[in-house]
Structure formats: C-alpha cells, structure tokens
file work-v5.txt (compact mmCIF, C-alpha atoms)
# COMPACT_ATOMS: atom_id res chain seq x y z
CA MET A 1 -5.83 -33.78 76.87
CA SER A 2 -2.64 -31.95 77.91
CA VAL A 3 -1.63 -28.74 76.19
CA ALA A 4 1.08 -29.25 73.57
CA ARG A 5 4.26 -27.31 74.31
CA VAL A 6 5.80 -25.62 71.27
CA LEU A 7 9.33 -24.23 70.90
CA LEU A 8 9.15 -21.45 68.31
CA VAL A 9 12.57 -20.45 66.97
CA GLU A 10 12.52 -17.35 64.78
CA ASP A 11 14.83 -14.31 64.66
CA ASP A 12 12.37 -12.04 62.85
CA ASP A 13 10.44 -10.20 65.58
CA ALA A 14 7.33 -9.59 63.50
CA VAL A 15 7.05 -13.20 62.29
CA ARG A 16 7.82 -14.61 65.73
CA ASN A 17 5.22 -12.45 67.50
CA MET A 18 2.58 -13.20 64.89
CA LEU A 19 3.13 -16.97 65.11
CA GLN A 20 3.30 -16.94 68.91
CA HIS A 21 0.03 -15.07 69.29
CA ALA A 22 -1.71 -17.23 66.69
CA LEU A 23 -0.58 -20.50 68.27
CA GLU A 24 -1.46 -19.32 71.77
CA ARG A 25 -4.95 -18.44 70.54
CA ASP A 26 -5.18 -22.06 69.42
CA SER A 27 -4.35 -23.20 72.97
CA PHE A 28 -0.72 -24.16 72.43
CA ASP A 29 1.83 -23.41 75.14
CA VAL A 30 4.46 -21.45 73.18
CA VAL A 31 8.06 -20.80 74.25
CA THR A 32 10.14 -18.59 71.93
CA ALA A 33 13.84 -18.39 71.07
CA THR A 34 15.46 -15.81 68.83
CA SER A 35 18.76 -17.56 68.11
CA VAL A 36 20.31 -20.99 67.72
CA CYS A 37 22.17 -20.62 71.02
CA GLU A 38 19.01 -19.73 72.93
CA ALA A 39 17.11 -22.57 71.27
CA LEU A 40 19.80 -25.15 72.17
CA SER A 41 19.76 -23.95 75.77
CA ARG A 42 15.99 -24.40 75.91
CA ILE A 43 16.12 -27.83 74.27
CA VAL A 44 18.60 -29.30 76.74
CA THR A 45 16.80 -27.96 79.83
CA GLU A 46 13.08 -28.12 78.99
CA HIS A 47 10.52 -30.51 77.48
CA PHE A 48 8.73 -29.81 74.19
CA ASP A 49 6.15 -31.60 72.08
CA VAL A 50 6.67 -29.52 68.93
CA LEU A 51 9.53 -27.59 67.34
CA LEU A 52 8.73 -24.86 64.81
CA SER A 53 11.98 -23.36 63.57
CA ASP A 54 13.04 -20.96 60.85
CA LEU A 55 15.66 -22.61 58.63
CA HIS A 56 17.72 -19.42 58.19
CA MET A 57 18.63 -17.49 61.38
CA PRO A 58 20.40 -15.53 59.99
CA ASN A 59 22.62 -18.05 58.22
CA ALA A 60 21.40 -20.68 55.78
CA GLY A 61 20.79 -23.96 57.56
CA ASP A 62 20.87 -22.59 61.13
CA GLY A 63 17.49 -24.19 61.79
CA PHE A 64 18.92 -27.56 60.85
CA THR A 65 21.19 -27.34 63.90
CA VAL A 66 18.14 -26.76 66.07
CA VAL A 67 16.25 -29.64 64.45
CA GLY A 68 19.18 -31.99 65.04
CA ALA A 69 19.33 -31.01 68.70
CA MET A 70 15.60 -31.59 69.13
CA ARG A 71 15.81 -34.98 67.46
CA HIS A 72 18.50 -36.07 69.90
CA ALA A 73 17.06 -34.55 73.07
CA HIS A 74 13.34 -35.11 72.37
CA PRO A 75 13.00 -37.83 69.70
CA GLN A 76 9.20 -37.91 70.12
CA ALA A 77 8.73 -34.21 69.32
CA VAL A 78 7.16 -33.09 66.04
CA THR A 79 9.75 -31.03 64.15
CA LEU A 80 8.65 -28.48 61.55
CA VAL A 81 10.93 -26.17 59.58
CA LEU A 82 9.93 -22.83 58.05
CA SER A 83 11.77 -21.63 54.95
CA GLY A 84 11.37 -18.57 52.77
CA TYR A 85 12.93 -20.44 49.85
CA PRO A 86 10.56 -22.77 47.99
CA ALA A 87 13.37 -24.22 45.82
CA LEU A 88 14.90 -26.60 48.35
CA GLU A 89 15.07 -29.78 46.31
CA GLU A 90 18.83 -30.11 46.65
CA ALA A 91 18.62 -29.92 50.44
CA MET A 92 15.30 -31.64 51.10
CA SER A 93 16.64 -35.15 51.63
CA SER A 94 19.12 -33.93 54.22
CA ILE A 95 16.58 -31.74 56.02
CA LEU A 96 13.77 -34.30 56.00
CA SER A 97 16.06 -36.97 57.42
CA GLN A 98 15.59 -35.07 60.70
CA ALA A 99 12.60 -32.73 60.27
CA ASP A 100 9.07 -34.05 59.84
CA GLU A 101 8.07 -31.40 57.31
CA VAL A 102 9.34 -28.25 55.62
CA LEU A 103 6.80 -25.42 55.38
CA THR A 104 7.25 -22.54 52.96
CA LYS A 105 6.81 -18.94 54.11
CA PRO A 106 4.46 -17.18 54.19
CA ILE A 107 2.50 -19.89 56.02
CA GLU A 108 -1.24 -19.68 56.58
CA ILE A 109 -2.05 -19.98 60.27
CA ALA A 110 -4.96 -22.33 59.66
CA ALA A 111 -2.72 -24.65 57.64
CA LEU A 112 0.00 -24.50 60.29
CA ARG A 113 -2.48 -25.31 63.06
CA GLU A 114 -3.84 -28.23 61.07
CA THR A 115 -0.35 -29.55 60.33
CA ILE A 116 0.69 -29.44 64.00
CA ARG A 117 -2.49 -31.13 65.24
CA LYS A 118 -2.33 -33.79 62.54
CA ARG A 119 1.33 -34.53 63.26
CA LEU A 120 0.70 -34.75 66.99
CA ALA A 121 -2.26 -37.07 66.50
CA ASN A 122 -0.32 -39.42 64.21
CA ASN A 123 3.09 -39.12 65.83
CA GLN A 124 4.93 -42.44 65.79
CA PRO A 125 7.42 -43.51 68.48
CA ARG A 126 11.02 -42.94 67.41
CA PRO A 127 14.14 -44.51 68.89
CA ARG A 128 16.58 -42.11 70.54
CA LEU A 129 19.43 -41.41 68.14
CA ALA A 130 22.88 -42.73 68.98
CA THR A 131 25.18 -39.96 70.12
CA GLN A 132 28.87 -39.30 70.61
CA SER A 133 30.57 -36.91 72.96
CA VAL A 134 32.29 -33.84 71.54
CA ALA A 135 35.60 -35.29 72.73
CA ALA A 136 34.98 -38.54 70.83
CA ILE A 137 34.04 -36.65 67.65
CA LEU A 138 37.16 -34.47 67.77
CA GLU A 139 39.29 -37.54 68.43
CA LYS A 140 37.75 -39.41 65.50
CA ASP A 141 38.07 -36.48 63.10
CA LEU A 142 41.48 -35.24 64.26
CA ASP A 143 43.12 -35.63 60.84
CA ALA A 144 40.17 -34.00 59.06
CA THR A 145 40.30 -31.02 61.44
CA ILE A 146 44.02 -30.54 60.80
CA LYS A 147 43.48 -30.79 57.05
CA ASP A 148 40.69 -28.20 57.28
CA TRP A 149 43.00 -25.93 59.31
CA MET A 150 45.80 -26.28 56.77
CA GLU A 151 43.53 -25.35 53.88
CA LEU A 152 42.43 -22.16 55.64
CA VAL A 153 46.00 -21.25 56.55
CA ARG A 154 47.11 -21.72 52.94
CA SER A 155 44.53 -19.15 51.87
CA ASP A 156 45.86 -16.57 54.35
CA GLU A 157 48.46 -14.31 52.71
CA GLU A 158 49.91 -13.12 56.00
CA LEU A 159 50.49 -16.61 57.39
CA THR A 160 51.92 -18.02 54.17
CA CYS A 161 54.48 -15.23 53.92
CA VAL A 162 56.53 -17.51 56.18
CA PRO A 163 57.26 -20.51 53.93
CA LEU A 164 56.85 -23.78 55.87
CA GLY A 165 56.25 -27.36 54.85
CA PHE A 166 53.21 -29.30 56.05
CA GLN A 167 54.96 -30.86 59.04
CA ASP A 168 56.53 -27.61 60.25
CA ARG A 169 53.21 -25.82 59.82
CA THR A 170 50.99 -28.40 61.54
CA GLY A 171 53.40 -30.27 63.81
CA HIS A 172 51.99 -28.71 66.98
CA LEU A 173 48.32 -29.38 66.21
CA PRO A 174 47.96 -33.09 67.12
CA GLN A 175 49.19 -32.51 70.67
CA LEU A 176 47.15 -29.32 71.11
CA MET A 177 44.07 -31.24 69.99
CA ARG A 178 44.88 -34.11 72.34
CA ASP A 179 45.22 -31.61 75.19
CA LEU A 180 41.82 -30.18 74.25
CA ILE A 181 40.21 -33.62 74.09
CA HIS A 182 41.69 -34.47 77.50
CA ARG A 183 40.28 -31.22 78.91
CA LEU A 184 36.81 -32.05 77.58
CA ARG A 185 36.88 -35.36 79.46
CA LEU A 186 37.83 -33.81 82.80
CA PRO A 187 35.23 -33.00 85.48
CA LEU A 188 33.96 -29.43 85.11
CA ALA A 189 35.29 -28.38 88.50
CA MET A 190 38.83 -29.48 87.69
CA LYS A 191 41.35 -26.77 86.85
CA ALA A 192 42.54 -26.66 83.25
CA PRO A 193 45.89 -28.46 82.91
CA PHE A 194 48.97 -26.65 81.65
CA SER A 195 49.73 -27.26 77.94
CA SER A 196 53.48 -27.57 77.49
CA ALA A 197 52.86 -28.18 73.78
CA ALA A 198 51.29 -24.72 73.46
CA ARG A 199 54.26 -23.03 75.09
CA GLU A 200 56.72 -24.94 72.90
CA HIS A 201 54.64 -23.95 69.89
CA GLY A 202 55.03 -20.27 70.79
CA GLU A 203 58.80 -20.65 71.05
CA THR A 204 58.93 -22.45 67.70
CA ARG A 205 56.80 -19.90 65.89
CA ARG A 206 59.05 -17.04 66.98
CA LYS A 207 62.10 -18.89 65.68
CA GLN A 208 60.27 -19.49 62.41
CA GLY A 209 59.61 -15.77 61.98
CA TYR A 210 55.97 -15.45 63.00
CA THR A 211 54.66 -12.22 64.52
CA PRO A 212 52.42 -12.33 67.61
CA ALA A 213 49.46 -11.40 65.39
CA MET A 214 50.14 -14.42 63.20
CA VAL A 215 50.15 -16.74 66.24
CA VAL A 216 46.80 -15.29 67.31
CA GLU A 217 45.35 -15.72 63.82
CA GLU A 218 46.42 -19.38 63.71
CA SER A 219 44.64 -19.94 67.00
CA ARG A 220 41.48 -18.28 65.70
CA ILE A 221 41.52 -20.51 62.63
CA LEU A 222 41.92 -23.59 64.83
CA GLN A 223 38.82 -22.68 66.80
CA VAL A 224 36.88 -22.18 63.56
CA CYS A 225 37.98 -25.60 62.30
CA ILE A 226 37.03 -27.32 65.57
CA PHE A 227 33.52 -25.90 65.35
CA ASN A 228 33.35 -26.86 61.66
CA THR A 229 34.11 -30.44 62.68
CA LEU A 230 31.24 -30.37 65.16
CA GLN A 231 28.96 -28.84 62.52
CA ASN A 232 29.81 -31.75 60.23
CA ASN A 233 28.80 -34.21 62.96
CA LEU A 234 25.49 -32.71 64.06
CA ARG A 235 23.64 -35.95 63.52
CA SER A 236 25.68 -37.74 66.16
CA VAL A 237 26.73 -35.05 68.66
CA ASP A 238 25.44 -35.35 72.23
CA PHE A 239 23.42 -32.13 72.53
CA SER A 240 22.79 -32.60 76.26
CA LYS A 241 26.38 -31.47 76.92
CA VAL A 242 27.27 -29.53 73.79
CA LEU A 243 26.81 -26.03 75.24
CA LEU A 244 29.18 -26.70 78.12
CA ASP A 245 31.62 -28.36 75.73
CA VAL A 246 31.58 -25.33 73.42
CA VAL A 247 32.44 -23.10 76.37
CA THR A 248 35.24 -25.49 77.36
CA ILE A 249 36.62 -25.52 73.81
CA ALA A 250 36.73 -21.73 73.66
CA ASP A 251 38.37 -21.53 77.08
CA GLU A 252 40.97 -24.19 76.27
CA VAL A 253 41.90 -22.67 72.91
CA ASP A 254 42.30 -19.27 74.60
CA SER A 255 44.36 -20.87 77.37
CA GLN A 256 46.61 -22.57 74.82
CA LEU A 257 47.05 -19.26 73.00
CA LYS A 258 48.07 -17.62 76.28
CA GLN A 259 50.67 -20.34 76.87
CA ALA A 260 51.91 -19.98 73.29
CA MET A 261 52.39 -16.25 73.79
CA PHE A 262 54.27 -16.90 77.03
CA GLY A 263 56.57 -19.22 75.09
CA TYR A 264 56.95 -16.67 72.31
CA THR A 265 57.91 -13.81 74.63
CA GLU A 266 60.12 -15.89 76.93
CA ASP A 267 62.13 -17.09 73.94
CA LYS A 268 62.40 -13.47 72.81
CA PHE A 269 63.67 -12.36 76.21
CA ARG A 270 66.21 -15.19 76.35
CA SER A 271 67.48 -14.21 72.92
CA ALA A 272 67.93 -10.66 74.17
CA GLY A 273 69.72 -11.89 77.29
CA LEU A 274 66.98 -10.62 79.63
CA CYS A 275 66.15 -13.98 81.22
CA GLY A 276 68.30 -16.25 83.26
call {"tool": "encode", "arguments": {"input": "work-v5.txt", "output": "structure tokens"}}
result
Amino acid sequence: MSVARVLLVEDDDAVRNMLQHALERDSFDVVTATSVCEALSRIVTEHFDVLLSDLHMPNAGDGFTVVGAMRHAHPQAVTLVLSGYPALEEAMSSILSQADEVLTKPIEIAALRETIRKRLANNQPRPRLATQSVAAILEKDLDATIKDWMELVRSDEELTCVPLGFQDRTGHLPQLMRDLIHRLRLPLAMKAPFSSAAREHGETRRKQGYTPAMVVEESRILQVCIFNTLQNNLRSVDFSKVLLDVVTIADEVDSQLKQAMFGYTEDKFRSAGLCG
C-alpha cells in the first residue's frame, strides 16, 4: 500500500510541528504550508491524498480557500478542516459542501489518525468540479465589482469630498476592467498593452479636482474589489491558473495607475503651458 501524502496547512508553529511529527510517526508523508499562498502554490504543483487545514490563518475562513482549491485540483483528496471554534453551526453547511469533515481543536492525535485512515479507506470517487477562468468570472461579475467599488468609495471621506454622481465617479471602470480582462486572456509572454482609458481617467480626475493621492486610493480600492469578486467565486475559480492570474491582476492595476498618473500630470503641464 502506498504512503498517503498529506498537505498540512497551519500558521501556528507549535501546532504545525506537533501534527507533522505525529502524522509522520504514523507513516504519512507530510508536506507543510504556513499560509494560504504557500498552500495554493503546493496544491497546483504537487499531488496530495489528504488536506488537513486550519480554518483561520490568520483570518476567519482562510482555510476554506485552501479547501476549495484542493477540491478543484485534487477532487479525490480527503479534506479535513481544523477549527478552534466549536460553535460553527451557521457556517457548517457552507464548509461541509467542500470539506469532508470539520475537526475541533484541540484534536487528539489518535482520533485524527483514525479519521484520516477511515476517510481514505472509504473515499468515494468525486467528479472534478466545473471551473471558470478568472477572466470569465470578472467579466460575468463586472457590474457587481463596480457596485462593490462604489460602496467602498462612498465610505471614504477623502474621496467623497469631491461631489460626483454615479456615472462621473464610475464611468472609467468598465473600460479599465475590460482592459484587465483582455490582459488576463493574453499569453504570459506578451507585453502588457497600453490602456488609453487609464490615461484619460487621470486627465479627467485632475479636472474634477482629485489629488494624486486620491487617484492612488481609488486604484487600491479597485484591486480590493477585484479580489473580493474572486473570493465570492471560490467554488468555480480555476485554481490551476489563479496564482499567475493574481500576479497579472496586480501588475495590470499598477500599470493602469501609472498611465492614469501620466494623464494627470500631462494635463497639469498643459494647463500650465509647459507642454506643446
């Protein structure tokens, strides 16, 4: 019988070391990860038979992201979640739709070993979950992302000191999002295309009375909202490419901000008569 390979995801050093040593004594091949990012990287590049993940690392529900990735990448793997909070009734249905079992800390090693072996012995074949690319998700939820962005902007006192209607405030976002979606669908080796919409946005914001810091803050909020959209679609996201897509999103948003600042400063120089 082959040795079961376990991915142990836990940010607490003491708990992680204790579980790793205990499982290795029981002849499991244990690979550890201390963060969601490290766990996702492992999941998309290696094979595992079992996932044992803390639910809170350090944020509530972080482990659910890891479980979702494992379900997509390795649908046959046994997925177990550790939680220090026994009162999980309100979240159990959501968690158990992807995890096989939720175990409450502190967990007895003998019980954990028995649970893993029992689950492996009775593991039933599961179909691979249908997935969507990050580009497809952002395209589908474009309006929801803009609405999310607008709600966060409305709660920012600095940004709302410039009174603008919905269209004037969000008019640039659909094209910036389309530029981002287009970038996500390009081959990785291809150079990022120029975003004329971003530069025009910078010019417009200066005319509307924004400061450079306000333009930067808007861009930061956009990136937050994009990742919120992906978080809301964890059950369908294609985790085999998500890490590269996250890097591309960050790079494209930064690139668009750079173009916006070029537009902002060029318009300023023209107004001062310093440009031809």
call {"tool": "closest_residue", "arguments": {"input": "work-v5.txt", "among": "A:Arg42, A:Leu82, A:Val67, A:Ala111", "to": "A:Arg16", "atoms": "only C-alpha atoms"}}
result
A:Leu82
call {"tool": "atom_distance", "arguments": {"input": "work-v5.txt", "atom1": "atom CA of A:Glu139", "atom2": "atom CA of A:Val242"}}
result
15.4 Å
call {"tool": "closest_residue", "arguments": {"input": "work-v5.txt", "among": "A:Thr211, A:Asn123, A:Thr34, A:Thr45", "to": "A:Ala77", "atoms": "only C-alpha atoms"}}
result
A:Asn123
call {"tool": "closest_atom_pairs", "arguments": {"input": "work-v5.txt", "of": "stretch 9-88 of chain A", "to": "stretch 98-103 of chain A", "cutoff": "6 Å", "atoms": "all atoms listed in the file", "output": "CSV"}}
result
residue,atom,partner,partner_atom,distance
A:Thr79,CA,A:Ala99,CA,5.1
A:Leu80,CA,A:Glu101,CA,5.2
A:Val81,CA,A:Val102,CA,4.7
A:Leu82,CA,A:Leu103,CA,4.9
call {"tool": "atom_distance", "arguments": {"input": "work-v5.txt", "atom1": "atom CA of A:Val253", "atom2": "atom CA of A:Gln223"}}
result
6.8 Å
call {"tool": "residues_around", "arguments": {"input": "work-v5.txt", "residues": "A:Ser27", "least_positions_apart": "5", "cutoff": "10 Å", "atoms": "all atoms listed in the file", "output": "short mmCIF file (atom, residue, chain, number, x, y, z; two decimals) with C-alpha atoms, in the frame of the given file"}}
result
data_model
loop_
_atom_site.label_atom_id
_atom_site.label_comp_id
_atom_site.auth_asym_id
_atom_site.auth_seq_id
_atom_site.Cartn_x
_atom_site.Cartn_y
_atom_site.Cartn_z
CA VAL A 3 -1.63 -28.74 76.19
CA ALA A 4 1.08 -29.25 73.57
CA ARG A 5 4.26 -27.31 74.31
CA HIS A 21 0.03 -15.07 69.29
CA ALA A 22 -1.71 -17.23 66.69
#
call {"tool": "atom_distance", "arguments": {"input": "work-v5.txt", "atom1": "atom CA of A:Gln124", "atom2": "atom CA of A:Asn232"}}
result
27.6 Å
call {"tool": "residues_around", "arguments": {"input": "work-v5.txt", "residues": "A:Pro193", "least_positions_apart": "6", "cutoff": "12 Å", "atoms": "only C-alpha atoms", "output": "list in words"}}
result
Leu176, Asp179, Leu180, Ile181, His182, Arg183, Leu184, Arg185, Leu186, Pro187, Asp251, Glu252, Ser255, Gln256 and Gln259 of chain A
call {"tool": "write_last_selection", "arguments": {"input": "work-v5.txt", "atoms": "C-alpha atoms", "output": "short mmCIF file (atom, residue, chain, number, x, y, z; two decimals), keeping the file's coordinate frame"}}
result
data_model
loop_
_atom_site.label_atom_id
_atom_site.label_comp_id
_atom_site.auth_asym_id
_atom_site.auth_seq_id
_atom_site.Cartn_x
_atom_site.Cartn_y
_atom_site.Cartn_z
CA LEU A 176 47.15 -29.32 71.11
CA ASP A 179 45.22 -31.61 75.19
CA LEU A 180 41.82 -30.18 74.25
CA ILE A 181 40.21 -33.62 74.09
CA HIS A 182 41.69 -34.47 77.50
CA ARG A 183 40.28 -31.22 78.91
CA LEU A 184 36.81 -32.05 77.58
CA ARG A 185 36.88 -35.36 79.46
CA LEU A 186 37.83 -33.81 82.80
CA PRO A 187 35.23 -33.00 85.48
CA ASP A 251 38.37 -21.53 77.08
CA GLU A 252 40.97 -24.19 76.27
CA SER A 255 44.36 -20.87 77.37
CA GLN A 256 46.61 -22.57 74.82
CA GLN A 259 50.67 -20.34 76.87
#
call {"tool": "closest_residue", "arguments": {"input": "work-v5.txt", "among": "A:Arg25, A:Arg119, A:His72, A:Val78", "to": "A:Leu7", "atoms": "only C-alpha atoms"}}
result
A:Val78
call {"tool": "residues_around", "arguments": {"input": "work-v5.txt", "residues": "A:Leu19", "least_positions_apart": "5", "cutoff": "9 Å", "atoms": "only C-alpha atoms", "output": "list in words"}}
result
Leu8, Ala14, Glu24 and Ile109 of chain A
call {"tool": "residues_around", "arguments": {"input": "work-v5.txt", "residues": "A:Arg206", "least_positions_apart": "2", "cutoff": "9 Å", "atoms": "only C-alpha atoms", "output": "PyMOL selection string"}}
result
chain A and resi 201-204+208-212+215+263-265+267-268
call {"tool": "closest_residue", "arguments": {"input": "work-v5.txt", "among": "A:Pro58, A:Lys258, A:Ala197, A:Val31", "to": "A:Val216", "atoms": "only C-alpha atoms"}}
result
A:Lys258
call {"tool": "residues_near_point", "arguments": {"input": "work-v5.txt", "point": "(53.2, -29.2, 60.7)", "cutoff": "12 Å", "atoms": "only C-alpha atoms", "output": "PyMOL selection string"}}
result
chain A and resi 143+146-147+149-150+153+163-175+201+204-205
call {"tool": "residues_around", "arguments": {"input": "work-v5.txt", "residues": "A:His74", "least_positions_apart": "6", "cutoff": "10 Å", "atoms": "all atoms listed in the file", "output": "list in words"}}
result
Ile43, Val44, Glu46, His47, Phe48, Asp49, Val50, Leu51, Gly68, Arg126, Arg128 and Leu129 of chain A
